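Visitor: Input: one structure, supplied below.
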Amino acid sequence: MRGLNIVLGALGAATGEICKNCIGLEGAKTKVGKMVKKLGMDLETTSICCEKTKADFKARIDSFSKAAEELKVAEECECQKTAGSCKIGEGCFVNAAVDLMKLIQ
Amino acid sequence: MAKARCGRILGQDIYIEEGDTATLYFINNLRAYQVVLAALKALDQDICHDGCSLPSTVNKVIKRLGKLKNDLEASDVSAEKKESLFSKIDTFLADANGLPQDTSKTCRKSAGECIIGSGCFAAGALGLIDITEPKSPKI
């Protein structure tokens with residue numbers, strides 16, 4: 001959840017960028033949505049003895065799910081590098097943002 | 001010369017002339033800071049708020065934005081474009097200045113609270129800047 005918080009923050013900023021029209025952000029949105037869903041399912045099956053803690057976690061995960069759904073992506077997306085708009089080089093802000101999840105061990 | 005869109009910073013579409021790599025360097029850096037600062041603001045809601053890595057990263061961002069501003073000043077970017085980019089740097093500097101900068105606090109790992117492993121979200125967020133190209137032009 002700590003990772004998702006920062007990733008969603010970064011992706012939220014990217015929606016205000018040309019990334020809004022990019023398949024990179026569209027893919028990241030799908031990926032993060034799946035991460036949140038899996039986290040919710042893992043929470044369901046896990047044995048957290050304190051019901052309140054579990055309920056708190058579930059509420060947080062639900063809010064992340066909502067935040068992921070609300071990421072504004074254009075209906076018709078195209079890689080903005082291919083479109084000639086994104087000239088940052090080989091890297092990609094949204095992919096790098098999602099990769100922040102890999103910091104978690 | 002034809003202009004093409006190469007980013008949207010703080011809600012404003014940014015256009016550039018083909019081959020103007022000096023201006024592109026500043027634009028791409030600002031595109032990155034836009035994302036990095038959003039990530040750092042999210043971190044400020046986390047336990048990182050009470051640690052030393054977030055403030056240390058914020059201080060680095062402030063320092064780098066200051067350098068970016070100086071480099072922009074010394075560059076041959078057009079005056080009109082400079083003005084527009086200066087105001088964006090100032091907005092980001094104000095955002096960064098609103099984040100924690102006191103590095104005297106204890107790292108949340110040392111305090112036993114941050115248990116994500118050897119990585120660090122704040123340092124990772126700062127790394128987003130390093131993916132931008134072109135690298136610093138000769139100014």
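Residues are referred to by chain and number: the chain letter is A, B, ... according to the order shown in the structure tokens, the number counts from 1 in that chain, and ligands are numbered separately from 1 in the order shown.
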Show me, as a PyMOL selection string, the residues of chain B whose atoms get within 8 Å of chain A, using only C-alpha atoms for the distance check.
Guide: chain B and resi 4-11+24+28+31-32+34-43+46+116-121+124-125+128+131-134
Visitor: Any idea what's packed within 12 Å of range 78-80 of chain B, counting only C-alpha atoms, ignoring anything in its chain fewer than 6 positions away? Could you give it as a list in words?
Guide: Ile16, Glu17, Asp20, Ala22, Thr23, Leu72, Phe86 and Ser87 of chain B
Visitor: Compile the contact shell of Arg60 in chain A as a PDB file with C-alpha atoms, in the first residue's frame: residues with an atom at most 10 Å away, counting only C-alpha atoms, same-chain residues fewer than 6 positions apart removed.
Guide:
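Written file, out_19.pdb:
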```pdb
ATOM      1  CA  MET A   1       0.000   0.000   0.000  1.00  0.00           C
ATOM      2  CA  ASN A   5       0.428   5.461  -2.696  1.00  0.00           C
ATOM      3  CA  GLY A  40      -7.320  -6.921  -2.058  1.00  0.00           C
ATOM      4  CA  LYS A  54      -8.053  -5.754   8.200  1.00  0.00           C
ATOM      5  CA  LYS A  66     -10.891   4.161  -6.907  1.00  0.00           C
TER       6      LYS A  66
END
```
Visitor: List every residue of chain B that DSSP, applied to the backbone of this structure, places in strand (DSSP E or B), and write the result as a PyMOL selection string.
Guide: chain B and resi 3-9+12-17
Visitor: Atoms to include: N, CA and C atoms. Write the selected residues as a CSV table (one decimal), in the first residue's frame.
Guide:
```csv
chain,number,residue,atom,x,y,z
B,3,LYS,N,6.9,23.9,-35.4
B,3,LYS,CA,7.0,23.6,-34.0
B,3,LYS,C,6.1,22.4,-33.7
B,4,ALA,N,6.6,21.6,-32.8
B,4,ALA,CA,5.9,20.3,-32.4
B,4,ALA,C,5.7,20.3,-30.9
B,5,ARG,N,4.6,19.7,-30.5
B,5,ARG,CA,4.4,19.6,-29.0
B,5,ARG,C,5.3,18.6,-28.4
B,6,CYS,N,5.9,18.9,-27.3
B,6,CYS,CA,6.8,18.0,-26.7
B,6,CYS,C,6.6,17.8,-25.2
B,7,GLY,N,5.5,18.2,-24.7
B,7,GLY,CA,5.2,18.0,-23.3
B,7,GLY,C,4.0,18.9,-22.9
B,8,ARG,N,3.5,18.6,-21.7
B,8,ARG,CA,2.5,19.5,-21.1
B,8,ARG,C,2.9,19.6,-19.6
B,9,ILE,N,3.3,20.9,-19.3
B,9,ILE,CA,3.8,21.1,-17.9
B,9,ILE,C,2.9,22.1,-17.2
B,12,GLN,N,0.0,23.3,-19.3
B,12,GLN,CA,0.3,24.1,-20.5
B,12,GLN,C,1.0,23.2,-21.5
B,13,ASP,N,0.5,23.2,-22.7
B,13,ASP,CA,1.2,22.4,-23.8
B,13,ASP,C,2.5,23.2,-24.1
B,14,ILE,N,3.5,22.4,-24.3
B,14,ILE,CA,4.8,23.1,-24.6
B,14,ILE,C,5.2,22.6,-26.0
B,15,TYR,N,5.6,23.6,-26.8
B,15,TYR,CA,6.0,23.4,-28.2
B,15,TYR,C,7.5,23.7,-28.4
B,16,ILE,N,8.1,23.0,-29.3
B,16,ILE,CA,9.5,23.3,-29.5
B,16,ILE,C,9.8,23.1,-31.0
B,17,GLU,N,10.9,23.9,-31.4
B,17,GLU,CA,11.3,23.7,-32.8
B,17,GLU,C,12.2,22.5,-33.0
```
Visitor: Figure out the distance between CA of Asp130 in chain B and CA of Ala68 in chain A, please, to one decimal in Å.
Guide: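 Taking CA of Ala68 in chain A as the start and CA of Asp130 in chain B as the end point, the length is 25.5 Å.
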Visitor: Residues of chain A classed as alpha helix (DSSP H) by DSSP on the backbone are to be reported as a count of residues only.
Guide: 62
Visitor: Name the closest residue to Phe57 in chain A among the candidates A:Cys79, A:Val73, A:Leu39, A:Val98; distances are taken between atoms, counting only C-alpha atoms.
Guide: A:Leu39
Visitor: Which residue out of B:Ile27, B:Ala123, B:Val58, B:Ile47 has the minimum interatomic distance to Asn97 in chain B when only C-alpha atoms are used?
Guide: B:Val58
Visitor: How many Å separate CA of Glu76 in chain A from CA of Lys31 in chain A?
Guide: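 Result for CA of Glu76 in chain A versus CA of Lys31 in chain A: 18.0 Å, one decimal.
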Visitor: Calculated over only C-alpha atoms, which of the candidates B:Glu18, B:Pro55, B:Lys81, B:Tyr25 has the smallest distance to Gly98 in chain B?
Guide: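 Closest residue, counting only C-alpha atoms: B:Pro55.
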Visitor: Tell me which of B:Gly112, B:Leu99, B:Leu85, B:Lys63 sits closest to Gln45 in chain B, counting only C-alpha atoms.
Guide: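 Closest to Gln45 in chain B, using only C-alpha atoms: B:Leu99.
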